[in-house]
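Containing compact mmCIF, C-alpha atoms: structure04.txt.
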```txt
# COMPACT_ATOMS: atom_id res chain seq x y z
CA MET M 898 145.29 75.86 75.54
CA LYS M 899 143.17 72.81 76.09
CA HIS M 900 143.67 70.70 79.20
CA ALA M 901 143.59 66.92 79.07
CA PRO M 902 140.51 65.59 80.85
CA SER M 903 141.19 64.51 84.42
CA PRO M 904 140.88 60.81 85.33
CA LEU M 905 137.89 61.68 87.52
CA SER M 906 135.98 63.39 84.71
CA GLN M 907 136.86 60.49 82.38
CA GLU M 908 135.49 58.02 84.92
CA VAL M 909 132.32 60.05 85.46
CA MET M 910 131.70 60.52 81.73
CA LYS M 911 132.34 56.82 81.09
CA LYS M 912 129.63 55.87 83.58
CA ILE M 913 127.24 58.36 81.99
CA GLU M 914 128.03 57.18 78.45
CA GLU M 915 127.72 53.52 79.32
CA GLY M 916 124.31 54.18 80.82
CA GLU M 917 125.28 53.25 84.37
CA VAL M 918 123.53 56.40 85.54
CA HIS M 919 120.53 58.15 84.00
CA MET M 920 119.37 61.70 84.42
CA GLN M 921 115.95 61.81 86.07
CA SER M 922 113.34 63.47 83.91
CA ARG M 923 112.09 66.97 84.67
CA GLY M 924 108.53 65.69 84.66
CA ARG M 925 109.30 63.39 87.57
CA TYR M 926 110.50 66.31 89.67
CA ARG M 927 107.43 68.31 88.69
CA ILE M 928 105.13 65.51 89.81
CA VAL M 929 107.04 65.02 93.07
CA ARG M 930 107.02 68.77 93.72
CA LEU M 931 103.32 68.99 92.97
CA ALA M 932 102.63 66.07 95.31
CA LEU M 933 104.74 67.69 98.05
CA TRP M 934 102.95 70.99 97.59
CA GLY M 935 99.60 69.22 97.75
CA ALA M 936 100.62 67.42 100.94
CA PHE M 937 101.90 70.67 102.42
CA VAL M 938 98.70 72.58 101.65
CA LEU M 939 96.66 69.70 103.08
CA ALA M 940 98.81 69.67 106.23
CA VAL M 941 98.42 73.44 106.65
CA GLY M 942 94.66 73.08 106.21
CA LEU M 943 94.52 70.29 108.79
CA VAL M 944 96.55 72.17 111.41
CA VAL M 945 94.47 75.33 110.89
CA TYR M 946 91.30 73.26 111.12
CA VAL M 947 92.31 71.58 114.40
CA THR M 948 93.33 75.00 115.78
CA SER M 949 89.93 76.37 114.88
CA VAL M 950 88.22 73.42 116.62
CA LEU M 951 90.32 74.13 119.70
CA LEU M 952 89.43 77.84 119.69
CA PHE M 953 85.79 77.05 119.00
CA ASP M 954 85.80 74.63 121.93
CA LEU M 955 87.28 77.24 124.29
CA ASP M 956 84.80 79.83 123.02
CA ASP M 957 81.83 77.54 123.22
CA THR M 958 82.45 76.17 126.71
CA GLY M 959 83.38 79.65 127.96
CA ALA M 960 86.75 78.35 129.19
CA TRP M 961 88.28 81.73 128.26
CA ALA M 962 86.21 83.30 131.02
CA LEU M 963 87.96 81.15 133.64
CA ALA M 964 91.23 82.97 132.97
CA GLY M 965 89.62 86.16 134.25
CA ALA M 966 88.65 84.59 137.61
CA GLY M 967 91.90 85.07 139.53
CA PRO M 968 94.67 82.54 140.22
CA GLU M 969 92.22 79.69 140.82
CA GLY M 970 90.50 80.60 137.59
CA TRP M 971 93.82 80.43 135.74
CA GLN M 972 94.46 77.02 137.22
CA ALA M 973 91.00 75.89 136.12
CA PHE M 974 91.61 77.39 132.66
CA VAL M 975 94.83 75.39 132.23
CA LEU M 976 93.10 72.22 133.43
CA SER M 977 90.18 72.77 131.05
CA LEU M 978 92.34 73.21 127.94
CA PRO M 979 91.74 70.53 125.30
CA TRP M 980 95.26 69.16 125.61
CA MET M 981 94.91 66.57 122.89
CA PHE M 982 94.01 69.23 120.29
CA LEU M 983 96.74 71.48 121.66
CA GLY M 984 99.28 68.66 121.26
CA VAL M 985 98.19 68.10 117.67
CA VAL M 986 98.49 71.83 116.91
CA VAL M 987 101.95 72.20 118.49
CA GLY M 988 103.19 69.03 116.77
CA GLY M 989 101.64 70.24 113.50
CA ILE M 990 103.43 73.59 113.73
CA PHE M 991 106.81 71.84 114.17
CA LEU M 992 106.03 69.51 111.27
CA LEU M 993 105.08 72.44 109.01
CA GLN M 994 108.35 74.16 109.89
CA ARG M 995 110.29 71.04 108.92
CA ALA M 996 108.28 70.51 105.75
CA GLY M 997 108.65 74.13 104.60
CA ARG M 998 112.38 74.34 105.36
CA ASN M 999 113.58 73.65 101.83
CA GLU M 1000 110.67 74.90 99.75
CA PHE M 1001 110.55 78.32 101.38
CA SER M 1002 114.22 78.48 102.47
CA LEU M 1003 113.05 78.70 106.09
CA TYR M 1004 116.49 77.58 107.23
CA ARG M 1005 117.75 81.09 106.43
CA ARG M 1006 115.98 82.43 109.53
CA PRO M 1007 116.38 81.26 113.15
CA LEU M 1008 114.01 78.54 114.29
CA VAL M 1009 112.19 80.71 116.85
CA ILE M 1010 111.32 83.25 114.16
CA THR M 1011 110.03 80.72 111.62
CA LEU M 1012 108.05 78.93 114.34
CA ALA M 1013 106.57 82.25 115.51
CA VAL M 1014 105.51 83.16 111.95
CA ILE M 1015 103.92 79.74 111.35
CA THR M 1016 102.18 79.91 114.76
CA LEU M 1017 100.79 83.35 113.92
CA PHE M 1018 99.53 82.08 110.59
CA VAL M 1019 97.97 78.94 112.09
CA VAL M 1020 96.36 80.75 115.04
CA GLY M 1021 95.15 83.59 112.78
CA GLY M 1022 93.67 81.13 110.30
CA GLY M 1023 92.15 79.06 113.09
CA TRP M 1024 90.68 82.14 114.73
CA LEU M 1025 89.03 83.20 111.46
CA ALA M 1026 87.68 79.70 110.82
CA ALA M 1027 86.32 79.56 114.39
CA ARG M 1028 84.39 82.77 113.67
CA THR M 1029 82.44 81.16 110.82
CA SER M 1030 79.43 78.88 111.10
CA LEU M 1031 81.48 75.85 110.11
CA HIS M 1032 81.84 74.28 113.53
CA PRO M 1033 78.23 74.73 114.72
CA TYR M 1034 77.09 73.02 111.51
CA MET M 1035 79.68 70.31 111.85
CA ARG M 1036 78.69 69.69 115.45
CA HIS M 1037 75.06 69.46 114.46
CA GLY M 1038 75.99 67.09 111.64
CA ALA M 1039 78.03 64.97 114.06
CA LYS M 1040 75.08 64.78 116.47
CA VAL M 1041 72.77 63.40 113.79
CA GLY M 1042 75.51 61.04 112.56
CA MET M 1043 76.13 62.76 109.23
CA ILE M 1044 79.88 63.21 109.74
CA PRO M 1045 81.53 59.84 110.13
CA LEU M 1046 85.25 60.70 110.22
CA VAL M 1047 85.78 63.92 112.14
CA GLY M 1048 82.45 63.68 113.95
CA GLY M 1049 84.24 62.41 117.06
CA MET M 1050 85.95 65.78 117.41
CA TYR M 1051 82.57 67.35 118.01
CA ALA M 1052 81.32 64.80 120.54
CA HIS M 1053 80.35 67.10 123.35
CA ARG M 1054 82.71 67.03 126.27
CA GLY M 1055 81.61 70.24 127.98
CA MET M 1056 84.15 71.85 130.25
CA ALA M 1057 87.06 69.45 130.58
CA PHE M 1058 87.78 70.51 134.17
CA ARG M 1059 84.74 69.38 136.12
CA ASN M 1060 85.15 71.74 139.09
CA ALA M 1061 84.56 74.79 136.90
CA ALA M 1062 81.47 75.91 135.03
CA VAL M 1063 80.68 78.89 132.87
CA GLY M 1064 77.12 79.61 131.79
CA THR M 1065 73.91 81.54 132.16
CA ILE M 1066 71.68 81.48 135.26
CA VAL M 1067 68.37 79.99 134.13
CA GLU M 1068 66.50 79.64 137.42
CA SER M 1069 66.67 80.83 141.01
CA LEU M 1070 66.62 78.16 143.72
CA PRO M 1071 66.30 78.53 147.52
CA SER M 1072 69.91 77.36 148.02
CA GLY M 1073 71.40 78.95 144.90
CA PHE M 1074 70.57 78.81 141.20
CA GLY M 1075 70.33 76.58 138.14
CA LEU M 1076 73.05 77.14 135.53
CA ALA M 1077 72.90 76.30 131.82
CA PRO M 1078 76.56 75.67 130.96
CA TRP M 1079 77.73 77.07 127.66
CA GLY M 1080 78.51 74.52 125.05
CA ASN M 1081 75.76 72.22 126.29
CA GLU M 1082 72.57 74.03 127.10
CA GLU M 1083 70.29 71.02 127.05
CA GLU M 1084 67.93 70.46 129.99
CA ASP M 1085 69.77 67.43 131.41
CA ALA M 1086 73.11 69.24 131.34
CA ARG M 1087 71.99 71.89 133.79
CA ILE M 1088 74.03 72.39 136.92
CA VAL M 1089 72.58 73.16 140.34
CA VAL M 1090 74.86 75.66 142.08
CA THR M 1091 74.69 75.85 145.85
CA VAL M 1092 75.69 79.16 147.42
CA ASN M 1093 76.68 79.28 151.11
CA PRO M 1094 78.17 81.95 153.42
CA ASN M 1095 81.70 80.80 152.46
CA THR M 1096 81.08 81.49 148.77
CA ARG M 1097 83.03 84.49 147.46
CA VAL M 1098 80.75 86.38 145.07
CA THR M 1099 81.83 89.38 142.95
CA PRO M 1100 80.49 92.50 144.69
CA GLY M 1101 77.39 93.80 142.94
CA LEU M 1102 76.49 90.43 141.40
CA SER M 1103 72.84 89.73 142.21
CA LEU M 1104 72.69 86.16 140.77
CA LEU M 1105 69.50 86.82 138.84
CA VAL M 1106 68.17 84.79 135.93
CA GLY M 1107 69.92 85.77 132.71
CA GLU M 1108 73.24 86.71 134.31
CA ASN M 1109 76.40 85.08 132.97
CA VAL M 1110 78.73 83.66 135.60
CA VAL M 1111 81.88 81.68 136.19
CA VAL M 1112 81.55 79.16 139.03
CA LEU M 1113 84.45 77.39 140.74
CA GLY M 1114 83.75 74.77 143.40
CA GLU M 1115 83.44 71.11 144.26
CA ARG M 1116 81.25 69.27 141.81
CA GLN M 1117 79.31 66.08 142.47
CA GLU M 1118 77.17 64.76 139.65
CA ASN M 1119 75.45 67.89 138.40
CA MET M 1120 75.67 69.82 141.66
CA VAL M 1121 78.34 72.33 142.52
CA THR M 1122 79.02 73.85 145.93
CA ALA M 1123 80.34 77.21 144.83
CA ARG M 1124 83.57 78.53 146.30
CA ILE M 1125 83.93 81.43 143.88
CA ILE M 1126 81.32 83.07 141.64
CA ARG M 1127 82.32 85.80 139.23
CA THR M 1128 80.45 87.68 136.62
CA THR M 1129 81.44 87.30 132.98
CA GLN M 1130 80.26 88.34 129.56
CA ASP M 1131 78.99 86.07 126.85
CA ARG M 1132 81.82 86.44 124.37
CA ARG M 1133 80.66 83.67 122.06
CA ARG M 1134 80.81 85.30 118.69
CA VAL M 1135 77.82 86.04 116.53
CA ARG M 1136 78.53 84.01 113.42
CA LEU M 1137 77.90 84.77 109.81
CA MET M 1138 74.75 82.65 109.75
CA ASP M 1139 72.66 81.47 112.64
CA PRO M 1140 73.20 77.72 112.99
CA GLN M 1141 69.70 77.37 114.48
CA TRP M 1142 68.34 78.50 111.13
CA MET M 1143 70.22 75.77 109.36
CA MET M 1144 69.17 73.15 111.91
CA ARG M 1145 65.50 74.06 111.51
CA ARG M 1146 65.81 73.38 107.82
CA MET R 1412 126.08 84.99 82.42
CA ALA R 1413 128.88 84.06 80.01
CA ILE R 1414 132.36 85.55 80.55
CA THR R 1415 134.50 86.71 77.64
CA CYS R 1416 138.18 85.77 77.84
CA ALA R 1417 140.67 86.56 75.03
CA GLY R 1418 137.83 86.90 72.56
CA THR R 1419 136.34 83.54 73.50
CA GLU R 1420 133.07 83.40 75.34
CA ILE R 1421 133.25 81.11 78.35
CA PRO R 1422 129.81 79.86 79.35
CA SER R 1423 128.85 80.22 83.00
CA ASP R 1424 128.20 77.15 85.16
CA ALA R 1425 124.46 77.76 84.92
CA GLU R 1426 124.64 77.90 81.12
CA VAL R 1427 126.64 74.70 80.96
CA ALA R 1428 124.18 73.01 83.33
CA GLN R 1429 121.33 74.17 81.10
CA GLN R 1430 123.05 72.68 78.05
CA VAL R 1431 123.31 69.34 79.86
CA GLN R 1432 119.67 69.57 80.87
CA GLN R 1433 118.81 70.04 77.19
CA GLY R 1434 120.60 66.83 76.25
CA ASN R 1435 124.22 67.83 75.67
CA ARG R 1436 125.72 65.22 77.98
CA TRP R 1437 129.32 66.00 77.05
CA SER R 1438 129.06 69.50 78.51
CA PHE R 1439 128.84 67.84 81.89
CA ARG R 1440 132.57 67.11 81.62
CA LEU R 1441 133.18 70.87 81.79
CA LEU R 1442 131.32 71.10 85.10
CA VAL R 1443 133.28 68.14 86.45
CA GLU R 1444 136.57 69.77 85.45
CA ARG R 1445 135.58 73.10 86.93
CA TYR R 1446 134.39 71.73 90.24
CA THR R 1447 136.91 68.94 90.87
CA PRO R 1448 139.62 71.16 92.46
CA LYS R 1449 137.04 73.16 94.44
CA LEU R 1450 135.32 70.09 95.80
CA GLN R 1451 138.66 68.44 96.54
CA ARG R 1452 139.53 71.40 98.74
CA TYR R 1453 136.08 71.24 100.31
CA ALA R 1454 136.49 67.49 100.97
CA HIS R 1455 139.84 68.25 102.60
CA THR R 1456 137.89 70.24 105.23
CA PHE R 1457 136.21 67.01 106.30
CA LEU R 1458 139.58 65.29 106.78
CA PHE R 1459 138.92 62.47 104.33
CA THR R 1460 141.80 60.40 102.98
CA VAL R 1461 142.83 60.86 99.34
CA GLN R 1462 141.11 57.61 98.30
CA GLU R 1463 137.92 58.50 100.20
CA ARG R 1464 137.94 61.92 98.56
CA GLU R 1465 138.19 60.47 95.06
CA ASP R 1466 135.32 58.06 95.67
CA LEU R 1467 133.13 60.70 97.24
CA LEU R 1468 133.80 63.22 94.48
CA GLN R 1469 132.79 60.69 91.86
CA ASP R 1470 129.66 60.00 93.87
CA ILE R 1471 128.86 63.74 94.04
CA PHE R 1472 129.22 64.27 90.29
CA LEU R 1473 127.11 61.24 89.46
CA LYS R 1474 124.40 62.42 91.89
CA ALA R 1475 124.58 65.90 90.35
CA TYR R 1476 124.11 64.39 86.90
CA ILE R 1477 121.19 62.20 87.97
CA HIS R 1478 119.37 65.10 89.63
CA LEU R 1479 120.42 67.88 87.26
CA GLN R 1480 116.85 68.50 86.10
CA GLN R 1481 116.11 69.56 89.65
CA TYR R 1482 118.54 72.46 89.30
CA ASP R 1483 117.03 75.83 88.38
CA PRO R 1484 119.36 77.58 85.86
CA GLY R 1485 118.04 80.93 87.07
CA ARG R 1486 119.95 80.44 90.32
CA PRO R 1487 123.70 80.05 90.93
CA PHE R 1488 125.01 76.55 90.28
CA SER R 1489 127.69 76.57 92.93
CA PRO R 1490 125.49 76.39 96.09
CA TRP R 1491 123.44 73.65 94.42
CA ILE R 1492 126.39 71.30 93.84
CA TYR R 1493 127.97 72.22 97.18
CA ARG R 1494 124.74 71.21 98.90
CA ILE R 1495 125.01 67.77 97.27
CA ALA R 1496 128.66 67.62 98.33
CA HIS R 1497 127.83 68.64 101.90
CA ASN R 1498 125.17 65.93 102.20
CA THR R 1499 127.48 63.31 100.68
CA PHE R 1500 130.33 64.20 103.04
CA VAL R 1501 128.10 64.33 106.11
CA ASN R 1502 126.57 60.96 105.24
CA ALA R 1503 130.02 59.48 104.73
CA ILE R 1504 131.12 60.76 108.15
CA ARG R 1505 127.93 59.42 109.75
CA ALA R 1506 128.55 56.05 108.18
CA LYS R 1507 132.01 56.01 109.78
CA GLN R 1508 131.09 57.32 113.21
CA ARG R 1509 127.77 56.69 114.83
CA ALA R 1510 126.35 60.19 114.89
CA PRO R 1511 123.32 60.94 117.11
CA VAL R 1512 120.00 60.51 115.31
CA PHE R 1513 118.65 63.81 116.64
CA SER R 1514 120.35 66.72 118.32
CA VAL R 1515 119.42 70.36 118.79
CA ASP R 1516 121.79 72.93 117.39
CA TRP R 1517 121.09 75.95 119.61
CA ASP R 1518 122.92 78.31 117.26
CA THR R 1519 120.13 77.88 114.74
CA VAL R 1520 117.27 78.33 117.22
CA PHE R 1521 117.66 81.92 118.40
CA PRO R 1522 118.33 85.06 116.37
CA HIS R 1523 121.86 86.47 116.53
CA PRO R 1524 122.97 89.97 115.67
CA PHE R 1525 123.82 89.79 111.99
CA ALA R 1526 127.60 89.83 111.57
CA LYS R 1527 128.31 91.71 108.36
CA GLU R 1528 130.85 90.41 105.88
CA LYS R 1529 134.12 92.21 106.38
CA THR R 1530 135.55 94.50 103.70
CA ASP R 1531 139.12 93.43 104.57
CA ARG R 1532 138.43 89.95 103.27
CA PRO R 1533 141.12 89.91 100.50
CA LEU R 1534 143.78 91.30 102.85
CA LYS R 1535 143.21 88.65 105.48
CA GLN R 1536 142.81 85.85 102.99
CA LYS R 1537 146.43 84.68 102.77
CA GLU R 1538 147.20 84.65 106.44
CA ILE R 1539 143.93 82.95 107.28
CA ILE R 1540 144.53 80.23 104.67
CA GLN R 1541 147.92 79.53 106.23
CA GLU R 1542 146.37 79.32 109.69
CA LEU R 1543 143.66 77.07 108.37
CA GLU R 1544 146.11 74.65 106.83
CA GLU R 1545 147.97 74.35 110.12
CA CYS R 1546 145.23 74.34 112.69
CA MET R 1547 141.88 73.69 111.05
CA ALA R 1548 141.94 69.98 111.69
CA GLU R 1549 141.50 70.66 115.40
CA LEU R 1550 138.38 72.76 114.99
CA GLU R 1551 134.96 71.25 115.53
CA GLU R 1552 133.27 70.38 112.27
CA LYS R 1553 130.44 72.88 112.73
CA TYR R 1554 133.03 75.70 112.82
CA ARG R 1555 135.50 74.25 110.35
CA GLU R 1556 133.04 73.91 107.50
CA PRO R 1557 131.64 77.48 107.31
CA LEU R 1558 135.13 78.88 107.82
CA ALA R 1559 136.48 76.82 104.93
CA LEU R 1560 133.57 77.72 102.68
CA TYR R 1561 134.02 81.39 103.42
CA HIS R 1562 137.79 81.69 103.24
CA LEU R 1563 138.84 78.83 100.99
CA GLN R 1564 135.85 78.63 98.67
CA GLU R 1565 135.15 82.38 98.82
CA MET R 1566 131.45 82.01 99.30
CA SER R 1567 129.09 84.60 100.70
CA TYR R 1568 127.12 84.13 103.93
CA GLU R 1569 123.94 83.59 101.90
CA GLU R 1570 125.55 80.87 99.80
CA ILE R 1571 126.93 79.15 102.90
CA SER R 1572 123.47 79.39 104.47
CA ASP R 1573 122.02 77.61 101.41
CA ILE R 1574 124.66 74.87 101.49
CA LEU R 1575 124.56 74.14 105.21
CA GLN R 1576 120.87 75.05 105.55
CA ILE R 1577 121.42 77.14 108.65
CA PRO R 1578 120.33 80.76 109.27
CA VAL R 1579 122.46 83.46 107.64
CA SER R 1580 123.09 85.06 111.05
CA THR R 1581 124.33 81.72 112.39
CA VAL R 1582 126.85 81.54 109.54
CA GLY R 1583 128.28 84.88 110.69
CA VAL R 1584 128.37 83.79 114.31
CA ARG R 1585 130.09 80.50 113.49
CA ILE R 1586 132.73 82.15 111.31
CA THR R 1587 133.47 84.69 114.04
CA ARG R 1588 133.70 81.95 116.70
CA ALA R 1589 135.75 79.75 114.37
CA ARG R 1590 138.29 82.55 113.87
CA ALA R 1591 138.59 83.03 117.63
CA LYS R 1592 138.99 79.30 118.24
CA LEU R 1593 141.47 79.01 115.41
CA LYS R 1594 143.50 81.80 116.94
CA THR R 1595 143.60 79.99 120.29
CA ILE R 1596 144.62 76.73 118.61
CA CYS R 1597 147.31 78.43 116.56
CA LEU R 1598 148.70 80.26 119.60
CA ALA R 1599 148.79 77.01 121.54
CA LYS R 1600 150.78 75.49 118.69
CA GLY R 1601 153.17 78.41 118.75
CA ILE R 1602 151.98 79.82 115.45
CA THR R 1603 151.79 83.61 115.51
CA VAL R 1604 148.54 84.99 114.19
```

Go through the file and emit its structure as structure tokens.
Amino acid sequence: MKHAPSPLSQEVMKKIEEGEVHMQSRGRYRIVRLALWGAFVLAVGLVVYVTSVLLFDLDDTGAWALAGAGPEGWQAFVLSLPWMFLGVVVGGIFLLQRAGRNEFSLYRRPLVITLAVITLFVVGGGWLAARTSLHPYMRHGAKVGMIPLVGGMYAHRGMAFRNAAVGTIVESLPSGFGLAPWGNEEEDARIVVTVNPNTRVTPGLSLLVGENVVVLGERQENMVTARIIRTTQDRRRVRLMDPQWMMRR
Amino acid sequence: MAITCAGTEIPSDAEVAQQVQQGNRWSFRLLVERYTPKLQRYAHTFLFTVQEREDLLQDIFLKAYIHLQQYDPGRPFSPWIYRIAHNTFVNAIRAKQRAPVFSVDWDTVFPHPFAKEKTDRPLKQKEIIQELEECMAELEEKYREPLALYHLQEMSYEEISDILQIPVSTVGVRITRARAKLKTICLAKGITV
């Protein structure tokens, strides 16, 4: 038995037949989808890249070492975080979650889980990228003015929190020692650290040239009156290629 | 997959949609006929008037036709058209009330223990439909909609998740909460559950 078409279907078919509505072509959706995929991949790349700059910055300035210097060290670590990069990364992770909701059916899982997975991916990717020679080369390029757009990201800031320094002792002085801070080991960046009887030094630390230390204390210009000095290890990673080699060329 | 009925092969929704995609415009009428009663019931969940329902349904079918090439015939057709319907209804409600631009739905943020679909579904169906008819209007929309999709439209948690774009576990939680709330409402109205 055939049913008579309903008034609604008649109305809909009339509009279709009279050309009031047109079916969008498949090609259009393909192009849009391709563009969205391209934008998504680009966004993922950007967030991973900024994460790697952030990790490289923490590695290079030795800010990680601050976290191992007790409660004051933790405070200094938080204050020395590159908050602008961190903001971009956190915002980027939320944006990626929103952008991937439909394409990867992310809505099927709770938000905390999808955010955790994206964060793992971004931090993992950033960590790997920070291990390569990319950033040392980029920083060198930025210094000689070869990288116009993202060069500003590599403008040396040193340790963001001025009352903390991490570096290698390069000379002994009557009142303390000279410190070459990591991330900026040029002559004029050296810090003169004054040690007095109130300075708490890790037992067994002899403050000899070549030792790596974390210094917390009041800083004026390039002089620091040390309140706490702790030993640390140079954890800056050996990269795939020595950037010095590239710079010499 | 096509279904055979009294020796006649009835094409599935996906097959009909594919025919329309390939240029057979008239097959679209079949989809409209098949989905009109279902979507009318779905629209009823949103408490629209009869006139509003008719207008919105026409809008949904025209949108479905315009964007039909976006539909993947390898997947079920039903969640695809229900998603369009959901968006159309929600937009219509927003146009009427001034809904907040942004709000956090905490149910979708944290994981919930996954509430399995019950095996007694057909047994409870009739009584639940009766309760729904009487008391559903008083339920909050976020509970009313998944409950209606599950019990009135007979959709699975996964399909509801695709339509509402919320986690599958949240669908289970909302249906469970909706049942409890519905029970309270019905009891308050003197309806025995």

Pick out the residues sitting within 9 Å of M:Leu955, and hand them over as an mmCIF file with C-alpha atoms, keeping the file's coordinate frame; count all atoms listed in the file, and ignore anything fewer than 6 positions along from it in its own chain.
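The result, stored in around-v6.cif:
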```cif
data_model
loop_
_atom_site.group_PDB
_atom_site.id
_atom_site.type_symbol
_atom_site.label_atom_id
_atom_site.label_comp_id
_atom_site.auth_asym_id
_atom_site.auth_seq_id
_atom_site.Cartn_x
_atom_site.Cartn_y
_atom_site.Cartn_z
ATOM 1 C CA TRP M 961 88.280 81.730 128.260
ATOM 2 C CA SER M 977 90.180 72.770 131.050
ATOM 3 C CA LEU M 978 92.340 73.210 127.940
ATOM 4 C CA PRO M 979 91.740 70.530 125.300
ATOM 5 C CA MET M 1056 84.150 71.850 130.250
#
```

Return the single residue from M:Leu963, M:Ala1013, M:Val985, M:Leu1031 that is closest to chain R, with distances computed using all atoms listed in the file. M:Ala1013

Could you list the residues in chain R lying within 7 Å of chain M, using all atoms listed in the file, and format the result as an MDAnalysis selection string? chainID R and resid 1440 1443:1444 1469 1473 1476:1481 1519:1522 1572 1576:1579

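Of the residues listed (M:Gly965, M:Gly1049, M:Gly1073, M:Gly1038), M:Gly965 shows the shortest atom-to-atom separation from M:Thr1128; distances use all atoms listed in the file.
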
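Within 10 Å of M:Glu969, once only C-alpha atoms are used and residues closer than 4 positions along the same chain are dropped, the contacting residues are Leu963, Ala964, Gly965, Ala973, Phe974, Val975, Ala1061, Leu1113 and Ile1125 of chain M.
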
I'd like the neighbourhood of M:Pro1078 as a PDB file with C-alpha atoms, in the coordinates of the input, where a residue qualifies if any of its atoms comes within 7 Å (using only C-alpha atoms), though same-chain residues fewer than 6 positions away should be ignored.
```pdb
ATOM      1  CA  ALA M1062      81.470  75.910 135.030  1.00  0.00           C
ATOM      2  CA  VAL M1063      80.680  78.890 132.870  1.00  0.00           C
ATOM      3  CA  GLY M1064      77.120  79.610 131.790  1.00  0.00           C
ATOM      4  CA  THR M1065      73.910  81.540 132.160  1.00  0.00           C
ATOM      5  CA  ARG M1087      71.990  71.890 133.790  1.00  0.00           C
TER       6      ARG M1087
END
```

For R:Glu1465, please output as a CSV table (one decimal) with C-alpha atoms, in the coordinates of the input all residues within 12 Å (counting all atoms listed in the file; exclusion window: fewer than 2 positions along the same chain).
```
chain,number,residue,atom,x,y,z
M,903,SER,CA,141.2,64.5,84.4
M,904,PRO,CA,140.9,60.8,85.3
M,905,LEU,CA,137.9,61.7,87.5
M,906,SER,CA,136.0,63.4,84.7
M,908,GLU,CA,135.5,58.0,84.9
M,909,VAL,CA,132.3,60.0,85.5
R,1447,THR,CA,136.9,68.9,90.9
R,1448,PRO,CA,139.6,71.2,92.5
R,1450,LEU,CA,135.3,70.1,95.8
R,1451,GLN,CA,138.7,68.4,96.5
R,1452,ARG,CA,139.5,71.4,98.7
R,1454,ALA,CA,136.5,67.5,101.0
R,1455,HIS,CA,139.8,68.2,102.6
R,1459,PHE,CA,138.9,62.5,104.3
R,1460,THR,CA,141.8,60.4,103.0
R,1461,VAL,CA,142.8,60.9,99.3
R,1462,GLN,CA,141.1,57.6,98.3
R,1463,GLU,CA,137.9,58.5,100.2
R,1467,LEU,CA,133.1,60.7,97.2
R,1468,LEU,CA,133.8,63.2,94.5
R,1469,GLN,CA,132.8,60.7,91.9
R,1470,ASP,CA,129.7,60.0,93.9
R,1471,ILE,CA,128.9,63.7,94.0
R,1472,PHE,CA,129.2,64.3,90.3
R,1500,PHE,CA,130.3,64.2,103.0
```

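Coordinates place atom CA of M:Thr1129 at a distance of 22.5 Å from atom CA of M:Val950.
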
Taking (83.9, 78.9, 107.5) in the file's coordinates, which residues come within 12 Å, counting all atoms listed in the file, written as a PDB file with C-alpha atoms, keeping the file's coordinate frame?
```pdb
ATOM      1  CA  VAL M 945      94.470  75.330 110.890  1.00  0.00           C
ATOM      2  CA  TYR M 946      91.300  73.260 111.120  1.00  0.00           C
ATOM      3  CA  SER M 949      89.930  76.370 114.880  1.00  0.00           C
ATOM      4  CA  VAL M 950      88.220  73.420 116.620  1.00  0.00           C
ATOM      5  CA  PHE M 953      85.790  77.050 119.000  1.00  0.00           C
ATOM      6  CA  GLY M1022      93.670  81.130 110.300  1.00  0.00           C
ATOM      7  CA  GLY M1023      92.150  79.060 113.090  1.00  0.00           C
ATOM      8  CA  TRP M1024      90.680  82.140 114.730  1.00  0.00           C
ATOM      9  CA  LEU M1025      89.030  83.200 111.460  1.00  0.00           C
ATOM     10  CA  ALA M1026      87.680  79.700 110.820  1.00  0.00           C
ATOM     11  CA  ALA M1027      86.320  79.560 114.390  1.00  0.00           C
ATOM     12  CA  ARG M1028      84.390  82.770 113.670  1.00  0.00           C
ATOM     13  CA  THR M1029      82.440  81.160 110.820  1.00  0.00           C
ATOM     14  CA  SER M1030      79.430  78.880 111.100  1.00  0.00           C
ATOM     15  CA  LEU M1031      81.480  75.850 110.110  1.00  0.00           C
ATOM     16  CA  HIS M1032      81.840  74.280 113.530  1.00  0.00           C
ATOM     17  CA  PRO M1033      78.230  74.730 114.720  1.00  0.00           C
ATOM     18  CA  TYR M1034      77.090  73.020 111.510  1.00  0.00           C
ATOM     19  CA  MET M1035      79.680  70.310 111.850  1.00  0.00           C
ATOM     20  CA  ARG M1136      78.530  84.010 113.420  1.00  0.00           C
ATOM     21  CA  LEU M1137      77.900  84.770 109.810  1.00  0.00           C
ATOM     22  CA  MET M1138      74.750  82.650 109.750  1.00  0.00           C
TER      23      MET M1138
END
```

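Proximity ranking of R:Ile1571, R:Leu1458, R:Ile1492, R:Leu1593 relative to R:Glu1545 places R:Leu1593 first, based on only C-alpha atoms.
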
Excluding M:Asp1131 and any residue of its chain fewer than 6 positions from it, enumerate the residues within 12 Å of it, using all atoms listed in the file, and give them as number ranges by chain. M: 956-962, 1063-1065, 1078-1080, 1107-1111

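Picture a line from atom CA of M:Thr948 to atom CA of M:Ile1044; it runs 18.9 Å.
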
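Closest to M:Arg1127 among M:Ile928, M:Val941, M:Leu983, M:Ala966 is M:Ala966, based on only C-alpha atoms.
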
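Across the model, the gap from atom CA of M:Val947 to atom CA of M:Val986 is 6.7 Å.
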
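Candidate residues R:Tyr1446, R:Glu1426, R:Tyr1453, R:Asp1518 were compared for distance to R:Gln1564, and the nearest is R:Tyr1453, using all atoms listed in the file.
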